[in-house]
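Only one structure is covered here, and it is reproduced in the block below.
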Amino acid sequence: MSAVENEQAAARYRKIYAILLRLYPKPFHARFGEGMAQTFNDLCRERKEAGKGLFSFALWAFAETAAGIIRENLTFIREVGMKKWPRRIRGAVGMGLTWAAIWALLSVLIGTITESLSGYSIEKNHLDPLVALAMPGFLFGVIFSTVLWFAEGGRRFDELPLPRVAAWGGVVGLLLGALVFALGTPIARFPLWLVVAIIVGSTTLLSAVSAVGSALLFRRTSAKYSK
Amino acid sequence: MANNKTNKPLTPAVLHILLALSEKERHGYGIMKQVEADSRGKVNMGPGTLYGSLGRMIEAGLISENDKKIDPDRDDERRIYYKITGLGQKALAAELERYREVMAVAKQTRLSPRGVGCGK
């Protein structure tokens, strides 16, 4: 391999290594990421100066670092993650209750409008409107909180921009709506696309709105308590 | 991992890092090269093992981080240097003493490296 090719390969391996380093737990990466990248560069340079190829070295370094990533993540989960579980569970339940409240209000609103327009009473025929959407709302809220924690790496809820929160809410609503549809029995009276659009569309929209609503509520509450 | 409070034996990686730092402070690559030299090329520590051990050793108070500075032998970017602490020196001394005791027992039972298999 020529010196130019070796240099190009080194640059490529450095990029891959930098990406690999991001898989370490955040605090570890912040503390040692730069040093590890420097050490990897030094080892690459040493190999180049000795006129040796980089492929086998890079493979070894990636494998060795990957083992370190697994070890550090397990340690992180054990030491830090477990301590935070009670707070996370409380947060998820809180989110579920907030969503349940939002969905219950909407449920009452839909029930009232339907009854006044068509005379059809949800309460008499099916369920208490307060409970009809409150239960799925709670479930969607808990799942949203869990998804958000995994996707945003434990960032505080009030630190996230509202469009991002709305997008995550929408994603959760879309997936769970699709799941609800898949588990349910299609209503033969209506075309399939319409049923899908109504169920998945409403859960997506409702989840996005609930996500933004709960974020605004959370921001307001934390601002009040931080004064 | 080293746990000097309970006097548990140090892991080979920790022992080698402490040995490498016993002479002077070093950066990551410097430690790696010193470990390789001390072990006559037998211990080849990668960045994953090295920095994982450094993290745990800092937590245990065996070593500490120094400010970033440029390595005079490598005129490039600034690096973090690591140095052994008083606790680290004590842990290293205790570990070496343990090795001496083990060697003494091995010699008594004629199991020292040279005598293995020639004890009769």
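Letters A, B, ... mark the chains of the structure tokens in the order given; residue numbers begin at 1 per chain; ligand numbers begin at 1, in order shown.
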Expected answer as an mmCIF file with all heavy atoms, in the first residue's frame: chain B residues within 7 Å of chain A, only C-alpha atoms:
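What landed in iface-v6.cif:
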data_model
loop_
_atom_site.group_PDB
_atom_site.id
_atom_site.type_symbol
_atom_site.label_atom_id
_atom_site.label_comp_id
_atom_site.auth_asym_id
_atom_site.auth_seq_id
_atom_site.Cartn_x
_atom_site.Cartn_y
_atom_site.Cartn_z
ATOM 1 N N GLY B 28 -2.142 8.907 27.731
ATOM 2 C CA GLY B 28 -2.641 7.573 27.379
ATOM 3 C C GLY B 28 -1.693 6.753 26.527
ATOM 4 O O GLY B 28 -1.353 5.617 26.857
ATOM 5 N N TYR B 29 -1.247 7.353 25.413
ATOM 6 C CA TYR B 29 -0.357 6.623 24.506
ATOM 7 C C TYR B 29 0.967 6.300 25.210
ATOM 8 O O TYR B 29 1.524 5.212 25.048
ATOM 9 C CB TYR B 29 -0.115 7.479 23.262
ATOM 10 C CG TYR B 29 0.842 6.870 22.268
ATOM 11 C CD1 TYR B 29 0.485 5.743 21.531
ATOM 12 C CD2 TYR B 29 2.100 7.427 22.051
ATOM 13 C CE1 TYR B 29 1.356 5.186 20.605
ATOM 14 C CE2 TYR B 29 2.971 6.884 21.128
ATOM 15 C CZ TYR B 29 2.604 5.759 20.411
ATOM 16 O OH TYR B 29 3.471 5.219 19.506
ATOM 17 N N GLY B 46 -5.137 -2.232 24.578
ATOM 18 C CA GLY B 46 -5.796 -1.359 23.598
ATOM 19 C C GLY B 46 -6.416 -0.159 24.283
ATOM 20 O O GLY B 46 -6.508 -0.124 25.511
ATOM 21 N N PRO B 47 -6.865 0.827 23.489
ATOM 22 C CA PRO B 47 -7.465 2.035 24.100
ATOM 23 C C PRO B 47 -8.688 1.725 24.969
ATOM 24 O O PRO B 47 -8.889 2.368 25.997
ATOM 25 C CB PRO B 47 -7.866 2.888 22.898
ATOM 26 C CG PRO B 47 -7.120 2.344 21.735
ATOM 27 C CD PRO B 47 -6.814 0.917 22.025
ATOM 28 N N GLY B 48 -9.488 0.733 24.573
ATOM 29 C CA GLY B 48 -10.693 0.390 25.342
ATOM 30 C C GLY B 48 -10.357 -0.072 26.746
ATOM 31 O O GLY B 48 -10.932 0.393 27.730
ATOM 32 N N THR B 49 -9.385 -0.976 26.852
ATOM 33 C CA THR B 49 -8.968 -1.492 28.164
ATOM 34 C C THR B 49 -8.282 -0.396 28.970
ATOM 35 O O THR B 49 -8.551 -0.200 30.155
ATOM 36 C CB THR B 49 -7.988 -2.673 27.983
ATOM 37 O OG1 THR B 49 -8.590 -3.607 27.099
ATOM 38 C CG2 THR B 49 -7.639 -3.331 29.296
ATOM 39 N N TYR B 51 -8.394 3.033 28.793
ATOM 40 C CA TYR B 51 -9.203 4.135 29.322
ATOM 41 C C TYR B 51 -10.292 3.654 30.285
ATOM 42 O O TYR B 51 -10.661 4.396 31.207
ATOM 43 C CB TYR B 51 -9.768 4.980 28.175
ATOM 44 C CG TYR B 51 -8.706 5.916 27.625
ATOM 45 C CD1 TYR B 51 -7.879 5.500 26.590
ATOM 46 C CD2 TYR B 51 -8.499 7.163 28.175
ATOM 47 C CE1 TYR B 51 -6.876 6.328 26.100
ATOM 48 C CE2 TYR B 51 -7.501 7.998 27.702
ATOM 49 C CZ TYR B 51 -6.693 7.578 26.664
ATOM 50 O OH TYR B 51 -5.692 8.399 26.204
ATOM 51 N N GLY B 52 -10.786 2.434 30.087
ATOM 52 C CA GLY B 52 -11.728 1.864 31.052
ATOM 53 C C GLY B 52 -11.044 1.725 32.407
ATOM 54 O O GLY B 52 -11.598 2.110 33.449
ATOM 55 N N ARG B 79 -2.517 17.156 25.535
ATOM 56 C CA ARG B 79 -3.021 15.877 26.029
ATOM 57 C C ARG B 79 -3.192 15.917 27.543
ATOM 58 O O ARG B 79 -2.468 16.634 28.222
ATOM 59 C CB ARG B 79 -2.022 14.753 25.724
ATOM 60 C CG ARG B 79 -1.829 14.475 24.280
ATOM 61 C CD ARG B 79 -0.406 13.994 24.046
ATOM 62 N NE ARG B 79 -0.150 13.887 22.612
ATOM 63 C CZ ARG B 79 -0.480 12.852 21.887
ATOM 64 N NH1 ARG B 79 -1.030 11.801 22.446
ATOM 65 N NH2 ARG B 79 -0.248 12.823 20.603
#
Selection: 12 Å around B:Leu19, only C-alpha atoms, excl. self and same-chain fewer than 5 positions, as a PyMOL selection string: chain B and resi 10+12-14+24-26+31-32+34-39+62-63+83-84+88-93+95-96
Handout entry: helix (DSSP H, G or I) call set, DSSP backbone run, chain B, as a ChimeraX atom specification
Key = /B:12-23,28-38,47-60,86-108,113-115
Between atom CA of A:Ala215 and atom CA of A:Leu105 lies a distance of 17.4 Å
Please provide the set of residues having any atom within 10 Å of B:Asp71, restricted to only C-alpha atoms, with same-chain residues fewer than 5 positions apart removed, written as number ranges by chain.
-> B: 26-27, 30, 76-81
Would you save the residues from that selection as a PDB file, in the first residue's frame, using C-alpha atoms?
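After the write, again_15.pdb holds the following:
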ATOM      1  CA  ARG B  26       2.212  10.065  31.246  1.00  0.00           C
ATOM      2  CA  HIS B  27      -0.573  10.495  28.715  1.00  0.00           C
ATOM      3  CA  GLY B  30       2.698   7.054  26.779  1.00  0.00           C
ATOM      4  CA  ASP B  76       1.131  18.051  18.402  1.00  0.00           C
ATOM      5  CA  GLU B  77      -2.079  18.693  20.313  1.00  0.00           C
ATOM      6  CA  ARG B  78      -2.451  19.063  24.065  1.00  0.00           C
ATOM      7  CA  ARG B  79      -3.021  15.877  26.029  1.00  0.00           C
ATOM      8  CA  ILE B  80      -4.253  14.955  29.470  1.00  0.00           C
ATOM      9  CA  TYR B  81      -1.522  13.486  31.650  1.00  0.00           C
TER      10      TYR B  81
END
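Residues of stretch 8-66 of chain B assigned to strand (DSSP E) by DSSP on this structure's backbone: Ile63, Ser64, Glu65 and Asn66 of chain B.
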